[in-house]
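File shown: final30.json (JSON, C-alpha atoms (C1' of nucleotides)).
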[["chain", "number", "residue", "atom", "x", "y", "z"],
["E", 1, "MET", "CA", -97.26, 191.23, -26.05],
["E", 2, "PRO", "CA", -98.48, 189.54, -29.20],
["E", 3, "GLU", "CA", -102.18, 190.10, -29.76],
["E", 4, "LYS", "CA", -103.14, 187.72, -32.51],
["E", 5, "ASP", "CA", -106.76, 186.94, -31.81],
["E", 6, "PHE", "CA", -108.19, 189.46, -34.23],
["E", 7, "VAL", "CA", -109.05, 186.83, -36.78],
["E", 8, "SER", "CA", -109.12, 183.09, -37.02],
["E", 9, "TRP", "CA", -107.42, 181.27, -39.83],
["E", 10, "SER", "CA", -109.26, 178.68, -41.81],
["E", 11, "HIS", "CA", -106.46, 176.20, -41.72],
["E", 12, "ALA", "CA", -103.41, 175.56, -39.65],
["E", 13, "ARG", "CA", -100.93, 177.01, -42.12],
["E", 14, "GLU", "CA", -98.99, 179.94, -40.72],
["E", 15, "ILE", "CA", -98.83, 183.15, -42.63],
["E", 16, "TRP", "CA", -95.04, 182.94, -42.80],
["E", 17, "GLU", "CA", -95.39, 179.95, -45.05],
["E", 18, "ILE", "CA", -97.28, 181.67, -47.83],
["E", 19, "ALA", "CA", -95.13, 181.67, -50.93],
["E", 20, "MET", "CA", -97.48, 183.90, -52.88],
["E", 21, "GLU", "CA", -96.22, 187.42, -53.46],
["E", 22, "LEU", "CA", -97.99, 190.62, -54.42],
["E", 23, "ARG", "CA", -96.14, 190.55, -57.70],
["E", 24, "HIS", "CA", -98.02, 187.39, -58.64],
["E", 25, "LEU", "CA", -101.31, 189.02, -57.82],
["E", 26, "ARG", "CA", -100.49, 192.11, -59.81],
["E", 27, "TYR", "CA", -99.55, 189.98, -62.78],
["E", 28, "PHE", "CA", -102.69, 187.93, -62.54],
["E", 29, "ILE", "CA", -104.90, 191.00, -62.44],
["E", 30, "ALA", "CA", -103.17, 192.45, -65.47],
["E", 31, "VAL", "CA", -103.66, 189.21, -67.38],
["E", 32, "ALA", "CA", -107.29, 188.98, -66.38],
["E", 33, "ASP", "CA", -107.92, 192.56, -67.44],
["E", 34, "ALA", "CA", -106.12, 192.20, -70.72],
["E", 35, "GLY", "CA", -107.38, 188.71, -71.54],
["E", 36, "SER", "CA", -103.99, 187.89, -72.95],
["E", 37, "LEU", "CA", -100.53, 187.21, -71.65],
["E", 38, "THR", "CA", -98.97, 189.04, -74.55],
["E", 39, "VAL", "CA", -100.77, 192.36, -74.26],
["E", 40, "ALA", "CA", -100.71, 192.27, -70.46],
["E", 41, "ALA", "CA", -96.96, 191.82, -70.50],
["E", 42, "GLU", "CA", -96.13, 194.39, -73.13],
["E", 43, "GLN", "CA", -98.78, 197.06, -72.66],
["E", 44, "LYS", "CA", -99.47, 196.94, -68.96],
["E", 45, "LEU", "CA", -96.61, 195.38, -67.08],
["E", 46, "HIS", "CA", -93.82, 196.35, -69.45],
["E", 47, "THR", "CA", -92.23, 192.96, -69.12],
["E", 48, "SER", "CA", -91.83, 189.95, -71.39],
["E", 49, "GLN", "CA", -94.37, 187.24, -72.11],
["E", 50, "PRO", "CA", -92.14, 184.40, -70.99],
["E", 51, "SER", "CA", -91.61, 186.04, -67.63],
["E", 52, "LEU", "CA", -95.29, 186.61, -67.20],
["E", 53, "SER", "CA", -96.15, 183.10, -68.32],
["E", 54, "ARG", "CA", -93.84, 181.65, -65.73],
["E", 55, "GLN", "CA", -95.15, 183.86, -62.94],
["E", 56, "ILE", "CA", -98.73, 182.86, -63.69],
["E", 57, "ARG", "CA", -97.70, 179.23, -63.79],
["E", 58, "ASP", "CA", -95.95, 179.58, -60.45],
["E", 59, "LEU", "CA", -99.01, 181.25, -59.01],
["E", 60, "GLU", "CA", -101.25, 178.44, -60.17],
["E", 61, "ALA", "CA", -98.86, 175.94, -58.65],
["E", 62, "GLU", "CA", -98.91, 177.77, -55.34],
["E", 63, "VAL", "CA", -102.67, 178.01, -55.25],
["E", 64, "GLY", "CA", -102.99, 174.48, -56.57],
["E", 65, "VAL", "CA", -105.75, 175.44, -58.96],
["E", 66, "GLN", "CA", -105.84, 176.28, -62.65],
["E", 67, "LEU", "CA", -106.79, 179.94, -62.83],
["E", 68, "ILE", "CA", -106.79, 180.64, -66.54],
["E", 69, "HIS", "CA", -107.52, 178.61, -69.62],
["E", 70, "ARG", "CA", -104.97, 179.10, -72.37],
["E", 71, "SER", "CA", -106.08, 179.18, -75.96],
["E", 72, "ALA", "CA", -104.82, 180.47, -79.26],
["E", 73, "HIS", "CA", -106.88, 183.64, -78.94],
["E", 74, "GLY", "CA", -105.61, 184.52, -75.51],
["E", 75, "VAL", "CA", -106.53, 183.47, -72.04],
["E", 76, "GLU", "CA", -109.85, 183.06, -70.28],
["E", 77, "LEU", "CA", -110.52, 182.92, -66.58],
["E", 78, "THR", "CA", -111.69, 179.67, -65.09],
["E", 79, "PRO", "CA", -114.49, 179.88, -62.49],
["E", 80, "ALA", "CA", -111.88, 179.52, -59.79],
["E", 81, "GLY", "CA", -109.88, 182.23, -61.50],
["E", 82, "LYS", "CA", -112.81, 184.64, -61.37],
["E", 83, "VAL", "CA", -113.26, 184.05, -57.67],
["E", 84, "PHE", "CA", -109.55, 184.44, -57.14],
["E", 85, "LEU", "CA", -109.51, 187.68, -59.08],
["E", 86, "ASP", "CA", -112.04, 189.37, -56.82],
["E", 87, "HIS", "CA", -110.20, 188.51, -53.63],
["E", 88, "THR", "CA", -106.91, 189.36, -55.24],
["E", 89, "ARG", "CA", -108.06, 192.87, -56.05],
["E", 90, "MET", "CA", -109.12, 193.36, -52.47],
["E", 91, "ALA", "CA", -105.77, 192.15, -51.19],
["E", 92, "LEU", "CA", -103.94, 194.63, -53.41],
["E", 93, "VAL", "CA", -106.23, 197.42, -52.30],
["E", 94, "GLN", "CA", -105.63, 196.48, -48.70],
["E", 95, "ALA", "CA", -101.88, 196.50, -49.18],
["E", 96, "GLU", "CA", -101.98, 199.90, -50.81],
["E", 97, "ALA", "CA", -104.32, 201.12, -48.09],
["E", 98, "ALA", "CA", -101.84, 199.98, -45.47],
["E", 99, "LYS", "CA", -99.16, 202.09, -47.04],
["E", 100, "GLU", "CA", -101.32, 205.16, -47.36],
["E", 101, "ALA", "CA", -102.68, 204.81, -43.85],
["E", 102, "ALA", "CA", -99.17, 204.66, -42.47],
["E", 103, "GLN", "CA", -98.17, 207.74, -44.41],
["E", 104, "ARG", "CA", -101.26, 209.52, -43.18],
["E", 105, "ALA", "CA", -100.59, 208.48, -39.60],
["E", 106, "ALA", "CA", -97.07, 209.82, -39.84],
["E", 107, "GLN", "CA", -98.43, 213.27, -40.56],
["E", 108, "PRO", "CA", -100.40, 214.18, -37.44],
["E", 109, "ALA", "CA", -102.53, 217.02, -38.74],
["E", 110, "ARG", "CA", -104.53, 215.09, -41.32],
["E", 111, "PRO", "CA", -107.87, 213.59, -40.33],
["E", 112, "SER", "CA", -108.05, 209.95, -41.25],
["E", 113, "PHE", "CA", -110.77, 208.59, -43.47],
["E", 114, "ALA", "CA", -111.55, 204.95, -43.75],
["E", 115, "LEU", "CA", -111.14, 203.04, -46.96],
["E", 116, "GLY", "CA", -113.27, 200.18, -45.83],
["E", 117, "PHE", "CA", -114.57, 197.19, -47.67],
["E", 118, "MET", "CA", -116.13, 193.87, -46.94],
["E", 119, "SER", "CA", -114.60, 190.50, -47.30],
["E", 120, "GLY", "CA", -116.66, 188.10, -49.31],
["E", 121, "ALA", "CA", -118.75, 185.25, -48.04],
["M", 1, "MET", "CA", -113.44, 194.23, -70.96],
["M", 2, "PRO", "CA", -111.77, 195.52, -67.85],
["M", 3, "GLU", "CA", -114.18, 196.12, -65.02],
["M", 4, "LYS", "CA", -112.28, 198.31, -62.64],
["M", 5, "ASP", "CA", -114.92, 200.49, -61.05],
["M", 6, "PHE", "CA", -115.34, 198.37, -57.95],
["M", 7, "VAL", "CA", -113.29, 200.76, -55.90],
["M", 8, "SER", "CA", -111.69, 204.13, -56.37],
["M", 9, "TRP", "CA", -108.02, 204.57, -55.74],
["M", 10, "SER", "CA", -106.86, 207.28, -53.47],
["M", 11, "HIS", "CA", -104.01, 208.34, -55.66],
["M", 12, "ALA", "CA", -103.06, 208.02, -59.26],
["M", 13, "ARG", "CA", -100.41, 205.38, -58.73],
["M", 14, "GLU", "CA", -101.13, 202.17, -60.57],
["M", 15, "ILE", "CA", -101.09, 198.92, -58.74],
["M", 16, "TRP", "CA", -98.36, 197.59, -61.05],
["M", 17, "GLU", "CA", -95.98, 200.09, -59.54],
["M", 18, "ILE", "CA", -96.17, 198.82, -55.98],
["M", 19, "ALA", "CA", -92.78, 197.53, -54.96],
["M", 20, "MET", "CA", -93.99, 196.16, -51.65],
["M", 21, "GLU", "CA", -94.24, 192.38, -51.47],
["M", 22, "LEU", "CA", -96.12, 190.08, -49.15],
["M", 23, "ARG", "CA", -92.80, 188.90, -47.79],
["M", 24, "HIS", "CA", -92.17, 192.35, -46.38],
["M", 25, "LEU", "CA", -95.57, 192.34, -44.71],
["M", 26, "ARG", "CA", -95.01, 188.90, -43.23],
["M", 27, "TYR", "CA", -91.67, 189.99, -41.87],
["M", 28, "PHE", "CA", -93.14, 193.13, -40.39],
["M", 29, "ILE", "CA", -95.94, 191.26, -38.66],
["M", 30, "ALA", "CA", -93.47, 188.81, -37.18],
["M", 31, "VAL", "CA", -91.33, 191.63, -35.85],
["M", 32, "ALA", "CA", -94.32, 193.44, -34.41],
["M", 33, "ASP", "CA", -95.55, 190.29, -32.71],
["M", 34, "ALA", "CA", -92.17, 189.40, -31.31],
["M", 35, "GLY", "CA", -91.14, 192.92, -30.38],
["M", 36, "SER", "CA", -87.63, 192.10, -31.50],
["M", 37, "LEU", "CA", -85.80, 191.54, -34.72],
["M", 38, "THR", "CA", -83.70, 188.83, -33.18],
["M", 39, "VAL", "CA", -86.43, 186.57, -31.85],
["M", 40, "ALA", "CA", -88.67, 187.20, -34.85],
["M", 41, "ALA", "CA", -85.91, 186.11, -37.17],
["M", 42, "GLU", "CA", -84.78, 183.07, -35.27],
["M", 43, "GLN", "CA", -87.95, 181.78, -33.66],
["M", 44, "LYS", "CA", -90.63, 182.73, -36.16],
["M", 45, "LEU", "CA", -89.17, 183.30, -39.58],
["M", 46, "HIS", "CA", -86.22, 180.94, -39.32],
["M", 47, "THR", "CA", -83.94, 183.39, -41.01],
["M", 48, "SER", "CA", -81.08, 185.61, -39.90],
["M", 49, "GLN", "CA", -81.33, 188.95, -38.13],
["M", 50, "PRO", "CA", -79.32, 190.88, -40.73],
["M", 51, "SER", "CA", -81.63, 189.67, -43.49],
["M", 52, "LEU", "CA", -84.66, 190.69, -41.52],
["M", 53, "SER", "CA", -83.17, 194.04, -40.58],
["M", 54, "ARG", "CA", -82.58, 194.86, -44.21],
["M", 55, "GLN", "CA", -86.04, 193.76, -45.28],
["M", 56, "ILE", "CA", -87.66, 195.95, -42.65],
["M", 57, "ARG", "CA", -85.46, 198.83, -43.70],
["M", 58, "ASP", "CA", -86.46, 198.31, -47.32],
["M", 59, "LEU", "CA", -90.10, 198.24, -46.32],
["M", 60, "GLU", "CA", -89.79, 201.50, -44.44],
["M", 61, "ALA", "CA", -88.09, 203.04, -47.46],
["M", 62, "GLU", "CA", -90.89, 201.87, -49.72],
["M", 63, "VAL", "CA", -93.60, 203.19, -47.43],
["M", 64, "GLY", "CA", -91.61, 206.32, -46.74],
["M", 65, "VAL", "CA", -92.39, 206.18, -43.03],
["M", 66, "GLN", "CA", -90.54, 204.93, -39.99],
["M", 67, "LEU", "CA", -92.55, 201.97, -38.76],
["M", 68, "ILE", "CA", -90.55, 200.77, -35.77],
["M", 69, "HIS", "CA", -88.38, 202.44, -33.20],
["M", 70, "ARG", "CA", -85.16, 200.57, -32.52],
["M", 71, "SER", "CA", -83.79, 200.38, -29.04],
["M", 72, "ALA", "CA", -81.46, 198.21, -27.02],
["M", 73, "HIS", "CA", -84.38, 196.23, -25.56],
["M", 74, "GLY", "CA", -85.88, 195.44, -28.90],
["M", 75, "VAL", "CA", -88.17, 197.28, -31.23],
["M", 76, "GLU", "CA", -91.34, 199.24, -30.63],
["M", 77, "LEU", "CA", -93.99, 200.21, -33.12],
["M", 78, "THR", "CA", -94.36, 203.84, -34.04],
["M", 79, "PRO", "CA", -97.94, 205.17, -34.29],
["M", 80, "ALA", "CA", -97.67, 204.85, -38.05],
["M", 81, "GLY", "CA", -96.36, 201.35, -37.55],
["M", 82, "LYS", "CA", -99.40, 200.36, -35.51],
["M", 83, "VAL", "CA", -101.74, 201.62, -38.18],
["M", 84, "PHE", "CA", -99.71, 199.87, -40.83],
["M", 85, "LEU", "CA", -99.80, 196.63, -38.87],
["M", 86, "ASP", "CA", -103.58, 196.47, -38.78],
["M", 87, "HIS", "CA", -103.97, 197.00, -42.50],
["M", 88, "THR", "CA", -101.11, 194.67, -43.19],
["M", 89, "ARG", "CA", -102.79, 191.85, -41.33],
["M", 90, "MET", "CA", -105.94, 192.38, -43.33],
["M", 91, "ALA", "CA", -103.99, 192.31, -46.56],
["M", 92, "LEU", "CA", -102.41, 189.00, -45.62],
["M", 93, "VAL", "CA", -105.78, 187.60, -44.65],
["M", 94, "GLN", "CA", -107.23, 188.73, -47.96],
["M", 95, "ALA", "CA", -104.42, 187.09, -49.87],
["M", 96, "GLU", "CA", -104.89, 183.83, -48.03],
["M", 97, "ALA", "CA", -108.65, 184.11, -48.47],
["M", 98, "ALA", "CA", -108.16, 184.51, -52.19],
["M", 99, "LYS", "CA", -106.24, 181.28, -52.31],
["M", 100, "GLU", "CA", -108.75, 179.34, -50.28],
["M", 101, "ALA", "CA", -111.70, 180.75, -52.20],
["M", 102, "ALA", "CA", -110.12, 179.66, -55.45],
["M", 103, "GLN", "CA", -109.48, 176.18, -54.10],
["M", 104, "ARG", "CA", -113.05, 176.00, -52.88],
["M", 105, "ALA", "CA", -114.38, 177.19, -56.23],
["M", 106, "ALA", "CA", -112.35, 174.55, -58.02],
["M", 107, "GLN", "CA", -114.06, 171.78, -56.08],
["M", 108, "PRO", "CA", -117.14, 170.42, -57.82],
["M", 109, "ALA", "CA", -120.42, 170.90, -56.04],
["M", 110, "ARG", "CA", -120.56, 167.34, -54.79],
["M", 111, "PRO", "CA", -117.27, 165.57, -54.22],
["M", 112, "SER", "CA", -117.78, 161.98, -55.24],
["M", 113, "PHE", "CA", -114.86, 160.67, -53.27],
["M", 114, "ALA", "CA", -113.80, 162.57, -50.22],
["M", 115, "LEU", "CA", -110.13, 163.27, -49.84],
["M", 116, "GLY", "CA", -111.32, 165.82, -47.35],
["M", 117, "PHE", "CA", -109.06, 167.80, -45.12],
["M", 118, "MET", "CA", -111.77, 169.39, -43.01],
["M", 119, "SER", "CA", -113.94, 167.57, -40.55],
["M", 120, "GLY", "CA", -117.28, 168.77, -41.82],
["M", 121, "ALA", "CA", -120.84, 167.67, -41.21],
["H", 1, "DA", "C1'", -70.23, 193.33, -20.14],
["H", 2, "DT", "C1'", -74.57, 192.10, -22.31],
["H", 3, "DG", "C1'", -78.47, 192.03, -25.35],
["H", 4, "DG", "C1'", -79.80, 193.86, -29.72],
["H", 5, "DT", "C1'", -79.32, 196.14, -34.21],
["H", 6, "DT", "C1'", -76.67, 197.38, -38.16],
["H", 7, "DT", "C1'", -72.89, 197.15, -41.80],
["H", 8, "DA", "C1'", -69.83, 194.49, -44.88],
["H", 9, "DC", "C1'", -69.14, 190.88, -47.88],
["H", 10, "DG", "C1'", -69.29, 186.53, -50.35],
["H", 11, "DT", "C1'", -72.68, 183.02, -51.93],
["H", 12, "DT", "C1'", -76.78, 181.46, -53.85],
["H", 13, "DT", "C1'", -81.18, 181.89, -55.33],
["H", 14, "DT", "C1'", -84.44, 183.76, -58.58],
["H", 15, "DG", "C1'", -86.53, 186.87, -61.48],
["H", 16, "DC", "C1'", -85.94, 188.75, -66.19],
["H", 17, "DG", "C1'", -85.02, 189.15, -71.34],
["H", 18, "DT", "C1'", -83.80, 187.10, -75.87],
["H", 19, "DA", "C1'", -84.31, 183.51, -78.88],
["H", 20, "DA", "C1'", -86.13, 179.31, -80.33],
["H", 21, "DT", "C1'", -90.17, 175.81, -80.09],
["H", 22, "DC", "C1'", -94.86, 174.15, -79.86],
["H", 23, "DA", "C1'", -99.81, 174.47, -80.55],
["H", 24, "DT", "C1'", -104.09, 176.15, -82.38],
["H", 25, "DC", "C1'", -106.95, 178.42, -85.57],
["U", 1, "DG", "C1'", -99.21, 180.90, -92.18],
["U", 2, "DA", "C1'", -100.18, 183.75, -88.19],
["U", 3, "DT", "C1'", -101.06, 184.56, -83.51],
["U", 4, "DG", "C1'", -100.20, 183.37, -78.93],
["U", 5, "DA", "C1'", -98.26, 180.53, -75.11],
["U", 6, "DT", "C1'", -94.26, 177.77, -73.55],
["U", 7, "DT", "C1'", -89.34, 176.09, -72.98],
["U", 8, "DA", "C1'", -84.28, 176.87, -72.87],
["U", 9, "DC", "C1'", -80.69, 179.50, -71.46],
["U", 10, "DG", "C1'", -77.61, 183.25, -70.03],
["U", 11, "DC", "C1'", -77.42, 187.39, -67.21],
["U", 12, "DA", "C1'", -78.24, 190.55, -63.53],
["U", 13, "DA", "C1'", -80.31, 191.82, -59.35],
["U", 14, "DA", "C1'", -81.60, 190.75, -54.91],
["U", 15, "DA", "C1'", -82.13, 187.83, -50.81],
["U", 16, "DC", "C1'", -79.63, 185.08, -47.59],
["U", 17, "DG", "C1'", -75.96, 183.70, -44.10],
["U", 18, "DT", "C1'", -71.64, 184.52, -41.57],
["U", 19, "DA", "C1'", -68.79, 187.53, -39.32],
["U", 20, "DA", "C1'", -67.52, 191.85, -37.50],
["U", 21, "DA", "C1'", -68.88, 196.43, -35.71],
["U", 22, "DC", "C1'", -71.79, 199.58, -33.28],
["U", 23, "DC", "C1'", -74.91, 201.36, -29.62],
["U", 24, "DA", "C1'", -77.32, 201.61, -25.44],
["U", 25, "DT", "C1'", -78.03, 199.80, -20.97]]
I'd like the structure from this file rewritten - as structure tokens, please.
Amino acid sequence: MPEKDFVSWSHAREIWEIAMELRHLRYFIAVADAGSLTVAAEQKLHTSQPSLSRQIRDLEAEVGVQLIHRSAHGVELTPAGKVFLDHTRMALVQAEAAKEAAQRAAQPARPSFALGFMSGA
Amino acid sequence: MPEKDFVSWSHAREIWEIAMELRHLRYFIAVADAGSLTVAAEQKLHTSQPSLSRQIRDLEAEVGVQLIHRSAHGVELTPAGKVFLDHTRMALVQAEAAKEAAQRAAQPARPSFALGFMSGA
DNA sequence: ATGGTTTACGTTTTGCGTAATCATC
DNA sequence: GATGATTACGCAAAACGTAAACCAT
């Protein structure tokens, strides 16, 4: 039976309707860390700038908020972008934790340790 | 400058190398809730069973663990699958929270004209 | 025989890379 | 003029849908 009362959603949108993908979040984190689309693409993600530029643009369209400010020197996070970055990191960590927890659970002998964290205010 | 000491990773794998996507997690949650690939596909995800079957299979390959046990009555979560489900839900919630936090941060402190979507005080 | 999952295959979407363009300092 | 982001476009990979096959009850 479906137990879905573990958390309450802020809005009515169902989780199946989220268009955002982890790839977008990874790209955004790389850009934020590098401060530049160019170096993030080439040195971190091993992809091309145009690809990365488009993914970031798609992400901003999905969120509906401008996350970075483009300039000639590189990119700079907007206030909304900084907030988004923090949550984004946690989401990635959670996804990776899910994978590792499943792998750990599949091997019965290992004691499980919790990789816990708090969700922001 | 990259601030990345907010959490320590369990393994050396970089986050850019994660092949898992939120779509896989959404699909998995739907299957777990429905207890069946067929009804999850048709009634929740509005897609086809073969598509869903392949996505779940891909997810299991990525995680490296069998997450569901197929039977004639439907599907049943393996112990690893149950653990994975919990973390997966949190990851989805985090991702959605990131989006909403960014939208909230983009709103000025005092909205002069309310195109509000929430019935607040 | 029925309910449910998987395989096969053709179609369509979409992400990606190269090259060219625009903008800012 | 040089650095960096965007647009245009062709290609390749992957997701999707339909149909057929398989498996257990």
Compile the residues of chain E that lie within 7 Å of chain M, evaluated using only C-alpha atoms, and express the compilation as a short mmCIF file (atom, residue, chain, number, x, y, z; two decimals) with C-alpha atoms, keeping the file's coordinate frame.
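In the end it all went to out.cif:
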data_model
loop_
_atom_site.label_atom_id
_atom_site.label_comp_id
_atom_site.auth_asym_id
_atom_site.auth_seq_id
_atom_site.Cartn_x
_atom_site.Cartn_y
_atom_site.Cartn_z
CA MET E 1 -97.26 191.23 -26.05
CA PRO E 2 -98.48 189.54 -29.20
CA ILE E 15 -98.83 183.15 -42.63
CA TRP E 16 -95.04 182.94 -42.80
CA GLU E 21 -96.22 187.42 -53.46
CA LEU E 22 -97.99 190.62 -54.42
CA ARG E 23 -96.14 190.55 -57.70
CA ARG E 26 -100.49 192.11 -59.81
CA ASP E 33 -107.92 192.56 -67.44
CA LEU E 45 -96.61 195.38 -67.08
CA VAL E 63 -102.67 178.01 -55.25
CA VAL E 65 -105.75 175.44 -58.96
CA PRO E 79 -114.49 179.88 -62.49
CA ALA E 80 -111.88 179.52 -59.79
CA GLY E 81 -109.88 182.23 -61.50
CA VAL E 83 -113.26 184.05 -57.67
CA PHE E 84 -109.55 184.44 -57.14
CA HIS E 87 -110.20 188.51 -53.63
CA THR E 88 -106.91 189.36 -55.24
CA MET E 90 -109.12 193.36 -52.47
CA ALA E 91 -105.77 192.15 -51.19
CA GLN E 94 -105.63 196.48 -48.70
CA ALA E 95 -101.88 196.50 -49.18
CA ALA E 97 -104.32 201.12 -48.09
CA ALA E 98 -101.84 199.98 -45.47
CA LYS E 99 -99.16 202.09 -47.04
CA ALA E 101 -102.68 204.81 -43.85
CA ALA E 102 -99.17 204.66 -42.47
CA GLN E 103 -98.17 207.74 -44.41
CA ALA E 105 -100.59 208.48 -39.60
CA ALA E 106 -97.07 209.82 -39.84
#
Enclosing box along x, y and z for every listed atom of region 74-88 of chain M, padded 8 Å each side, centre and size in Å, one decimal, as AutoDock Vina command-line options:
--center_x -94.9 --center_y 199.9 --center_z -36.0 --size_x 34.1 --size_y 26.5 --size_z 30.3
Exercise. When you draw a straight line from C1' of DG17 (chain U) to CA of Gln49 (chain M), how long is it in Å?
Worked result: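 These two atoms are separated by 9.6 Å.
In this comparison, which uses only C-alpha atoms (C1' of nucleotides), the residue of H:DT7, H:DT13, H:DT2, H:DT24 approaching DA13 (chain U) most closely is H:DT13.
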For this session: For chain E, report every residue with an atom at most 8 Å from chain H (counting all atoms listed in the file), formatted as an MDAnalysis selection string.
Result: chainID E and resid 48 51 71:72
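Counting all atoms listed in the file and comparing M:Gln55, M:Ala61, M:Glu42, M:Ser36, the residue that lies closest to chain U is M:Gln55.
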For this session: Please report as a PyMOL selection string which residues of chain U come no farther than 10 Å from chain M, using all atoms listed in the file.
Result: chain U and resi 15-18+23-25
Write a file of the just-selected residues containing C-alpha atoms (C1' of nucleotides), as a PDB file, keeping the file's coordinate frame.
ATOM      1  C1'  DA U  15     -82.130 187.830 -50.810  1.00  0.00           C
ATOM      2  C1'  DC U  16     -79.630 185.080 -47.590  1.00  0.00           C
ATOM      3  C1'  DG U  17     -75.960 183.700 -44.100  1.00  0.00           C
ATOM      4  C1'  DT U  18     -71.640 184.520 -41.570  1.00  0.00           C
ATOM      5  C1'  DC U  23     -74.910 201.360 -29.620  1.00  0.00           C
ATOM      6  C1'  DA U  24     -77.320 201.610 -25.440  1.00  0.00           C
ATOM      7  C1'  DT U  25     -78.030 199.800 -20.970  1.00  0.00           C
TER       8       DT U  25
END
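Between CA of Arg70 (chain E) and C1' of DA5 (chain U) the separation is 7.4 Å.
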Problem set entry | Atomic separation - CA of Leu37 (chain M) relative to C1' of DA19 (chain U), Å |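 Going from C1' of DA19 (chain U) over to CA of Leu37 (chain M) covers 18.1 Å.
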Using the structure block above, produce a file of region 22-51 of chain E that contains C-alpha atoms, as a compact mmCIF listing (two decimals), in the first residue's frame.
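To be explicit, this is the file written out as part12.txt:
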# COMPACT_ATOMS: atom_id res chain seq x y z
CA LEU E 22 20.42 15.81 -11.78
CA ARG E 23 22.53 16.65 -14.78
CA HIS E 24 21.34 20.24 -14.57
CA LEU E 25 22.25 20.40 -10.92
CA ARG E 26 25.68 18.95 -11.52
CA TYR E 27 26.31 21.47 -14.25
CA PHE E 28 25.15 24.34 -12.12
CA ILE E 29 27.42 23.35 -9.25
CA ALA E 30 30.38 23.09 -11.57
CA VAL E 31 29.67 26.54 -12.98
CA ALA E 32 29.25 28.03 -9.54
CA ASP E 33 32.50 26.50 -8.36
CA ALA E 34 34.43 27.56 -11.41
CA GLY E 35 32.85 30.99 -11.77
CA SER E 36 32.90 30.56 -15.50
CA LEU E 37 31.05 28.55 -18.09
CA THR E 38 34.20 28.04 -20.10
CA VAL E 39 36.44 26.58 -17.43
CA ALA E 40 33.60 24.59 -15.87
CA ALA E 41 32.85 22.99 -19.20
CA GLU E 42 36.39 22.23 -20.25
CA GLN E 43 38.17 21.54 -16.98
CA LYS E 44 35.47 20.01 -14.84
CA LEU E 45 32.69 18.60 -16.93
CA HIS E 46 34.72 17.76 -20.02
CA THR E 47 32.00 19.06 -22.27
CA SER E 48 31.59 22.09 -24.52
CA GLN E 49 30.62 25.60 -23.51
CA PRO E 50 27.61 25.78 -25.79
CA SER E 51 26.20 22.62 -24.29
